[in-house]
$ cat model.cif   # mmCIF, C-alpha atoms
data_query
loop_
_atom_site.group_PDB
_atom_site.id
_atom_site.type_symbol
_atom_site.label_atom_id
_atom_site.label_comp_id
_atom_site.auth_asym_id
_atom_site.auth_seq_id
_atom_site.Cartn_x
_atom_site.Cartn_y
_atom_site.Cartn_z
ATOM 1 C CA MET A 259 0.000 0.000 0.000
ATOM 2 C CA ALA A 260 1.221 3.495 -0.809
ATOM 3 C CA ASP A 261 2.571 5.535 2.075
ATOM 4 C CA TYR A 262 0.482 8.665 1.536
ATOM 5 C CA GLN A 263 1.713 10.284 4.740
ATOM 6 C CA LYS A 264 5.295 10.070 3.513
ATOM 7 C CA MET A 265 4.339 11.308 0.026
ATOM 8 C CA TYR A 266 2.431 14.238 1.552
ATOM 9 C CA TYR A 267 5.404 15.173 3.717
ATOM 10 C CA ILE A 268 7.893 14.991 0.833
ATOM 11 C CA MET A 269 5.750 16.958 -1.597
ATOM 12 C CA CYS A 270 4.646 19.631 0.842
ATOM 13 C CA SER A 271 8.165 20.072 2.192
ATOM 14 C CA ALA A 272 9.486 20.570 -1.333
ATOM 15 C CA ALA A 273 6.747 23.065 -2.205
ATOM 16 C CA SER A 274 7.398 24.972 1.001
ATOM 17 C CA GLU A 275 11.136 25.082 0.293
ATOM 18 C CA ALA A 276 10.440 26.292 -3.253
ATOM 19 C CA LEU A 277 8.283 29.101 -1.856
ATOM 20 C CA ASP A 278 11.081 30.117 0.475
ATOM 21 C CA MET A 279 13.538 30.237 -2.438
ATOM 22 C CA LEU A 280 11.327 32.362 -4.675
ATOM 23 C CA PRO A 281 12.089 36.049 -4.311
ATOM 24 C CA ALA A 282 9.054 38.035 -3.196
ATOM 25 C CA VAL A 283 8.769 40.090 -6.382
ATOM 26 C CA ALA A 284 5.740 40.852 -8.527
ATOM 27 C CA GLU A 285 6.804 38.421 -11.256
ATOM 28 C CA ASN A 286 6.591 35.505 -8.802
ATOM 29 C CA GLU A 287 3.292 36.347 -7.115
ATOM 30 C CA SER A 288 1.152 34.103 -9.311
ATOM 31 C CA VAL A 289 3.554 31.170 -8.854
ATOM 32 C CA ARG A 290 3.682 31.745 -5.113
ATOM 33 C CA GLY A 291 -0.116 31.862 -5.000
ATOM 34 C CA VAL A 292 -0.469 28.565 -6.852
ATOM 35 C CA LEU A 293 2.004 26.814 -4.541
ATOM 36 C CA GLN A 294 0.479 28.279 -1.379
ATOM 37 C CA LEU A 295 -3.051 27.302 -2.413
ATOM 38 C CA ALA A 296 -1.926 23.776 -3.259
ATOM 39 C CA LEU A 297 -0.229 23.451 0.142
ATOM 40 C CA LEU A 298 -3.379 24.599 1.928
ATOM 41 C CA GLU A 299 -5.596 22.246 -0.074
ATOM 42 C CA ALA A 300 -3.260 19.301 0.505
ATOM 43 C CA GLU A 301 -3.139 20.053 4.221
ATOM 44 C CA GLU A 302 -6.930 20.183 4.424
ATOM 45 C CA ILE A 303 -7.284 16.849 2.613
ATOM 46 C CA TYR A 304 -4.613 15.263 4.792
ATOM 47 C CA LEU A 305 -6.127 16.516 8.045
ATOM 48 C CA SER A 306 -9.651 15.506 7.107
ATOM 49 C CA ALA A 307 -8.416 12.023 6.152
ATOM 50 C CA GLU A 308 -6.693 11.677 9.547
ATOM 51 C CA LYS A 309 -9.954 12.557 11.319
ATOM 52 C CA ASN A 310 -11.820 9.861 9.387
ATOM 53 C CA GLU A 311 -9.396 7.076 10.318
#
$ encode --input "model.cif" --output "structure tokens"
Amino acid sequence: MADYQKMYYIMCSAASEALDMLPAVAENESVRGVLQLALLEAEEIYLSAEKNE
């Protein structure tokens, strides 16, 4: 069975690191927004799945 907890951690850690590396300039705002929204959505899915276990 796939280890979704490990996959979530790896992917979200990488996205968070990428956000930290992106300079906070206007050209990067749309990219930053996409990554931040994806992190929030993934966290919500992960947390709701934990509650249902």
$ closest_residue --input "model.cif" --among "A:Met265, A:Leu277, A:Ala284, A:Met259" --to "Ala300 of chain A" --atoms "all atoms listed in the file"
A:Met265
$ closest_residue --input "model.cif" --among "A:Cys270, A:Val292, A:Ala260, A:Ala282" --to "Tyr304 of chain A" --atoms "all atoms listed in the file"
A:Cys270
$ atom_distance --input "model.cif" --atom1 "atom CA of Val289 of chain A" --atom2 "atom CA of Ser306 of chain A"
26.0 Å
$ closest_residue --input "model.cif" --among "A:Glu302, A:Tyr262, A:Leu293, A:Lys309" --to "Glu275 of chain A" --atoms "all atoms listed in the file"
A:Leu293
$ atom_distance --input "model.cif" --atom1 "atom CA of Pro281 of chain A" --atom2 "atom CA of Tyr266 of chain A"
24.6 Å
$ atom_distance --input "model.cif" --atom1 "atom CA of Gly291 of chain A" --atom2 "atom CA of Asp261 of chain A"
27.4 Å
